[in-house]
>>> print(open('start_7.pdb').read())   # PDB, N, CA and C atoms
ATOM      1  N   MET A   1      -6.549-186.066  64.944
ATOM      2  CA  MET A   1      -6.021-185.824  63.618
ATOM      3  C   MET A   1      -6.760-184.678  62.930
ATOM      4  N   SER A   2      -8.049-184.603  63.162
ATOM      5  CA  SER A   2      -8.848-183.544  62.547
ATOM      6  C   SER A   2      -8.384-182.167  63.015
ATOM      7  N   GLU A   3      -8.055-182.069  64.313
ATOM      8  CA  GLU A   3      -7.572-180.791  64.850
ATOM      9  C   GLU A   3      -6.254-180.399  64.177
ATOM     10  N   HIS A   4      -5.416-181.384  63.933
ATOM     11  CA  HIS A   4      -4.134-181.131  63.268
ATOM     12  C   HIS A   4      -4.369-180.596  61.856
ATOM     13  N   ARG A   5      -5.293-181.207  61.136
ATOM     14  CA  ARG A   5      -5.607-180.743  59.772
ATOM     15  C   ARG A   5      -6.175-179.337  59.793
ATOM     16  N   GLU A   6      -6.988-179.035  60.815
ATOM     17  CA  GLU A   6      -7.557-177.689  60.931
ATOM     18  C   GLU A   6      -6.461-176.655  61.173
ATOM     19  N   LYS A   7      -5.483-177.006  62.005
ATOM     20  CA  LYS A   7      -4.355-176.097  62.251
ATOM     21  C   LYS A   7      -3.576-175.857  60.971
ATOM     22  N   LEU A   8      -3.333-176.934  60.221
ATOM     23  CA  LEU A   8      -2.605-176.788  58.951
ATOM     24  C   LEU A   8      -3.395-175.930  57.967
ATOM     25  N   ALA A   9      -4.689-176.143  57.890
ATOM     26  CA  ALA A   9      -5.527-175.353  56.982
ATOM     27  C   ALA A   9      -5.525-173.883  57.391
ATOM     28  N   ASP A  10      -5.575-173.624  58.695
ATOM     29  CA  ASP A  10      -5.543-172.242  59.170
ATOM     30  C   ASP A  10      -4.200-171.589  58.847
ATOM     31  N   LEU A  11      -3.130-172.329  59.033
ATOM     32  CA  LEU A  11      -1.804-171.800  58.684
ATOM     33  C   LEU A  11      -1.707-171.517  57.190
ATOM     34  N   ASP A  12      -2.212-172.424  56.375
ATOM     35  CA  ASP A  12      -2.193-172.216  54.925
ATOM     36  C   ASP A  12      -2.964-170.950  54.550
ATOM     37  N   ARG A  13      -4.096-170.723  55.223
ATOM     38  CA  ARG A  13      -4.897-169.520  54.961
ATOM     39  C   ARG A  13      -4.121-168.266  55.360
ATOM     40  N   GLN A  14      -3.479-168.296  56.525
ATOM     41  CA  GLN A  14      -2.701-167.150  56.982
ATOM     42  C   GLN A  14      -1.526-166.863  56.049
ATOM     43  N   ILE A  15      -0.875-167.923  55.598
ATOM     44  CA  ILE A  15       0.254-167.758  54.681
ATOM     45  C   ILE A  15      -0.236-167.144  53.375
ATOM     46  N   ALA A  16      -1.347-167.630  52.846
ATOM     47  CA  ALA A  16      -1.886-167.105  51.585
ATOM     48  C   ALA A  16      -2.257-165.625  51.724
ATOM     49  N   GLU A  17      -2.850-165.255  52.852
ATOM     50  CA  GLU A  17      -3.214-163.845  53.075
ATOM     51  C   GLU A  17      -1.967-162.970  53.147
ATOM     52  N   ALA A  18      -0.953-163.431  53.868
ATOM     53  CA  ALA A  18       0.281-162.656  54.000
ATOM     54  C   ALA A  18       0.984-162.518  52.653
ATOM     55  N   VAL A  19       1.006-163.597  51.878
ATOM     56  CA  VAL A  19       1.640-163.547  50.553
ATOM     57  C   VAL A  19       0.900-162.554  49.652
ATOM     58  N   SER A  20      -0.412-162.594  49.686
ATOM     59  CA  SER A  20      -1.212-161.683  48.864
ATOM     60  C   SER A  20      -0.967-160.230  49.249
ATOM     61  N   GLU A  21      -0.959-159.967  50.540
ATOM     62  CA  GLU A  21      -0.720-158.597  51.009
ATOM     63  C   GLU A  21       0.688-158.136  50.640
ATOM     64  N   ARG A  22       1.656-159.040  50.799
ATOM     65  CA  ARG A  22       3.048-158.716  50.455
ATOM     66  C   ARG A  22       3.186-158.415  48.964
ATOM     67  N   GLU A  23       2.542-159.223  48.123
ATOM     68  CA  GLU A  23       2.609-158.995  46.679
ATOM     69  C   GLU A  23       2.006-157.630  46.311
ATOM     70  N   GLY A  24       0.913-157.279  46.964
ATOM     71  CA  GLY A  24       0.315-155.968  46.725
ATOM     72  C   GLY A  24       1.270-154.841  47.075
ATOM     73  N   LEU A  25       1.971-154.985  48.178
ATOM     74  CA  LEU A  25       2.945-153.968  48.577
ATOM     75  C   LEU A  25       4.105-153.903  47.587
ATOM     76  N   ILE A  26       4.565-155.063  47.152
ATOM     77  CA  ILE A  26       5.684-155.101  46.197
ATOM     78  C   ILE A  26       5.310-154.358  44.920
ATOM     79  N   GLN A  27       4.079-154.489  44.488
ATOM     80  CA  GLN A  27       3.634-153.784  43.279
ATOM     81  C   GLN A  27       3.423-152.293  43.529
ATOM     82  N   ARG A  28       3.015-151.940  44.753
ATOM     83  CA  ARG A  28       2.691-150.549  45.069
ATOM     84  C   ARG A  28       3.915-149.700  45.394
ATOM     85  N   ILE A  29       4.913-150.276  46.023
ATOM     86  CA  ILE A  29       6.074-149.526  46.507
ATOM     87  C   ILE A  29       6.773-148.732  45.405
ATOM     88  N   PRO A  30       7.035-149.291  44.231
ATOM     89  CA  PRO A  30       7.741-148.513  43.196
ATOM     90  C   PRO A  30       6.975-147.265  42.735
ATOM     91  N   ASN A  31       5.655-147.261  42.923
ATOM     92  CA  ASN A  31       4.850-146.125  42.477
ATOM     93  C   ASN A  31       4.727-145.017  43.518
ATOM     94  N   LEU A  32       5.243-145.256  44.702
ATOM     95  CA  LEU A  32       5.168-144.239  45.747
ATOM     96  C   LEU A  32       6.317-143.247  45.605
ATOM     97  N   PRO A  33       6.085-142.007  46.018
ATOM     98  CA  PRO A  33       7.159-141.001  45.916
ATOM     99  C   PRO A  33       8.362-141.389  46.776
ATOM    100  N   PRO A  34       9.557-141.178  46.232
ATOM    101  CA  PRO A  34      10.767-141.502  47.001
ATOM    102  C   PRO A  34      10.803-140.692  48.300
ATOM    103  N   ARG A  35      11.326-141.305  49.327
ATOM    104  CA  ARG A  35      11.498-140.663  50.633
ATOM    105  C   ARG A  35      10.206-140.164  51.263
ATOM    106  N   SER A  36       9.086-140.676  50.809
ATOM    107  CA  SER A  36       7.807-140.268  51.394
ATOM    108  C   SER A  36       7.501-141.147  52.603
ATOM    109  N   PRO A  37       6.736-140.616  53.557
ATOM    110  CA  PRO A  37       6.342-141.438  54.705
ATOM    111  C   PRO A  37       5.546-142.678  54.274
ATOM    112  N   GLU A  38       4.743-142.538  53.220
ATOM    113  CA  GLU A  38       3.951-143.670  52.741
ATOM    114  C   GLU A  38       4.844-144.797  52.230
ATOM    115  N   LYS A  39       5.904-144.408  51.505
ATOM    116  CA  LYS A  39       6.816-145.423  50.982
ATOM    117  C   LYS A  39       7.579-146.089  52.119
ATOM    118  N   ALA A  40       8.018-145.303  53.069
ATOM    119  CA  ALA A  40       8.746-145.858  54.209
ATOM    120  C   ALA A  40       7.864-146.838  54.987
ATOM    121  N   GLU A  41       6.617-146.468  55.188
ATOM    122  CA  GLU A  41       5.684-147.343  55.904
ATOM    123  C   GLU A  41       5.420-148.620  55.116
ATOM    124  N   ALA A  42       5.241-148.496  53.813
ATOM    125  CA  ALA A  42       4.993-149.671  52.972
ATOM    126  C   ALA A  42       6.193-150.622  53.000
ATOM    127  N   VAL A  43       7.387-150.080  52.967
ATOM    128  CA  VAL A  43       8.599-150.909  53.011
ATOM    129  C   VAL A  43       8.703-151.613  54.367
ATOM    130  N   ARG A  44       8.423-150.895  55.451
ATOM    131  CA  ARG A  44       8.447-151.517  56.781
ATOM    132  C   ARG A  44       7.406-152.635  56.872
ATOM    133  N   HIS A  45       6.242-152.367  56.337
ATOM    134  CA  HIS A  45       5.170-153.366  56.360
ATOM    135  C   HIS A  45       5.575-154.599  55.548
ATOM    136  N   ARG A  46       6.149-154.384  54.374
ATOM    137  CA  ARG A  46       6.619-155.511  53.553
ATOM    138  C   ARG A  46       7.674-156.327  54.291
ATOM    139  N   ASP A  47       8.602-155.639  54.934
ATOM    140  CA  ASP A  47       9.656-156.334  55.675
ATOM    141  C   ASP A  47       9.077-157.139  56.843
ATOM    142  N   ALA A  48       8.088-156.554  57.521
ATOM    143  CA  ALA A  48       7.435-157.273  58.621
ATOM    144  C   ALA A  48       6.708-158.505  58.091
ATOM    145  N   LEU A  49       6.042-158.370  56.957
ATOM    146  CA  LEU A  49       5.358-159.522  56.357
ATOM    147  C   LEU A  49       6.351-160.612  55.966
ATOM    148  N   ASN A  50       7.523-160.220  55.498
ATOM    149  CA  ASN A  50       8.558-161.211  55.179
ATOM    150  C   ASN A  50       8.907-162.031  56.423
ATOM    151  N   GLU A  51       9.065-161.358  57.558
ATOM    152  CA  GLU A  51       9.399-162.048  58.798
ATOM    153  C   GLU A  51       8.246-162.943  59.256
ATOM    154  N   VAL A  52       7.026-162.450  59.125
ATOM    155  CA  VAL A  52       5.851-163.247  59.495
ATOM    156  C   VAL A  52       5.780-164.500  58.638
ATOM    157  N   LEU A  53       6.016-164.348  57.347
ATOM    158  CA  LEU A  53       5.968-165.506  56.450
ATOM    159  C   LEU A  53       7.017-166.547  56.810
ATOM    160  N   VAL A  54       8.202-166.105  57.149
ATOM    161  CA  VAL A  54       9.248-167.053  57.558
ATOM    162  C   VAL A  54       8.783-167.831  58.781
ATOM    163  N   SER A  55       8.231-167.129  59.760
ATOM    164  CA  SER A  55       7.764-167.789  60.983
ATOM    165  C   SER A  55       6.611-168.744  60.707
ATOM    166  N   LEU A  56       5.642-168.309  59.927
ATOM    167  CA  LEU A  56       4.499-169.169  59.616
ATOM    168  C   LEU A  56       4.927-170.420  58.868
ATOM    169  N   ARG A  57       5.834-170.257  57.931
ATOM    170  CA  ARG A  57       6.302-171.422  57.157
ATOM    171  C   ARG A  57       7.107-172.389  58.027
ATOM    172  N   ARG A  58       7.902-171.856  58.956
ATOM    173  CA  ARG A  58       8.641-172.726  59.880
ATOM    174  C   ARG A  58       7.670-173.501  60.764
ATOM    175  N   TYR A  59       6.668-172.803  61.264
ATOM    176  CA  TYR A  59       5.671-173.448  62.115
ATOM    177  C   TYR A  59       4.925-174.521  61.335
ATOM    178  N   ARG A  60       4.605-174.244  60.093
ATOM    179  CA  ARG A  60       3.897-175.228  59.251
ATOM    180  C   ARG A  60       4.752-176.463  59.040
ATOM    181  N   ARG A  61       6.039-176.262  58.752
ATOM    182  CA  ARG A  61       6.944-177.408  58.579
ATOM    183  C   ARG A  61       7.034-178.223  59.869
ATOM    184  N   ALA A  62       7.081-177.532  61.000
ATOM    185  CA  ALA A  62       7.150-178.243  62.290
ATOM    186  C   ALA A  62       5.884-179.078  62.498
ATOM    187  N   LEU A  63       4.728-178.507  62.179
ATOM    188  CA  LEU A  63       3.489-179.283  62.314
ATOM    189  C   LEU A  63       3.466-180.468  61.361
ATOM    190  N   ASP A  64       3.974-180.281  60.164
ATOM    191  CA  ASP A  64       4.062-181.396  59.214
ATOM    192  C   ASP A  64       4.929-182.523  59.787
ATOM    193  N   ASN A  65       6.051-182.143  60.407
ATOM    194  CA  ASN A  65       6.955-183.149  60.958
ATOM    195  C   ASN A  65       6.323-183.882  62.140
ATOM    196  N   VAL A  66       5.505-183.205  62.907
ATOM    197  CA  VAL A  66       4.818-183.849  64.039
ATOM    198  C   VAL A  66       3.850-184.897  63.531
ATOM    199  N   GLN A  67       3.195-184.596  62.416
ATOM    200  CA  GLN A  67       2.209-185.518  61.848
ATOM    201  C   GLN A  67       2.862-186.807  61.375
ATOM    202  N   ARG A  68       4.084-186.731  60.896
ATOM    203  CA  ARG A  68       4.781-187.908  60.345
ATOM    204  C   ARG A  68       5.263-188.781  61.421
TER     205      ARG A  68
END
>>> encode(input="start_7.pdb", output="structure tokens")
Amino acid sequence: MSEHREKLADLDRQIAEAVSEREGLIQRIPNLPPRSPEKAEAVRHRDALNEVLVSLRRYRRALDNVQR
């Protein structure tokens, strides 16, 4: 059971880090020059983080269901 809690805690930490990084990008993107490589990269990074968050949250829900 302890290992299960550690996995959940690690997932929660990863989710929090991804959310924080994503929020930073969301705030930064509007201030970047339009059509700039920096803006394009930031948008790609934000989109990738969105996909990572979906996967992490699905995995967390699956682990929660295993515990029950």
>>> atom_distance(input="start_7.pdb", atom1="atom N of Asn65 (chain A)", atom2="CA of Leu8 (chain A)")
10.3 Å
>>> closest_residue(input="start_7.pdb", among="A:Val66, A:Arg58, A:Arg46, A:Val52", to="Gly24 (chain A)", atoms="only C-alpha atoms")
A:Arg46
>>> resolve_selection(input="start_7.pdb", expression="the PyMOL selection byres (((chain A and resi 60 and name CA) around 12) and name CA)", output="list in words")
His4, Arg5, Glu6, Lys7, Leu8, Ala9, Asp10, Leu11, Asp12, Arg13, Gln14, Ile15, Leu53, Val54, Ser55, Leu56, Arg57, Arg58, Tyr59, Arg61, Ala62, Leu63, Asp64, Asn65, Val66 and Gln67 of chain A
>>> residues_around(input="start_7.pdb", residues="Ile29 (chain A)", least_positions_apart="5", cutoff="8 Å", atoms="all atoms listed in the file", output="list in words")
Glu23, Gly24, Glu38, Lys39, Ala42 and Val43 of chain A
>>> residues_around(input="start_7.pdb", residues="Glu21 (chain A)", least_positions_apart="5", cutoff="9 Å", atoms="only C-alpha atoms", output="list in words")
Ala16, Ile26, Arg46 and Leu49 of chain A
>>> write_last_selection(input="start_7.pdb", atoms="N, CA and C atoms", output="compact mmCIF listing (two decimals), in the frame of the given file")
# COMPACT_ATOMS: atom_id res chain seq x y z
N ALA A 16 -1.35 -167.63 52.85
CA ALA A 16 -1.89 -167.10 51.58
C ALA A 16 -2.26 -165.62 51.72
N ILE A 26 4.57 -155.06 47.15
CA ILE A 26 5.68 -155.10 46.20
C ILE A 26 5.31 -154.36 44.92
N ARG A 46 6.15 -154.38 54.37
CA ARG A 46 6.62 -155.51 53.55
C ARG A 46 7.67 -156.33 54.29
N LEU A 49 6.04 -158.37 56.96
CA LEU A 49 5.36 -159.52 56.36
C LEU A 49 6.35 -160.61 55.97
>>> atom_distance(input="start_7.pdb", atom1="CA of Arg35 (chain A)", atom2="CA of Glu17 (chain A)")
27.6 Å
>>> atom_distance(input="start_7.pdb", atom1="atom C of Ala18 (chain A)", atom2="atom N of Pro33 (chain A)")
22.2 Å
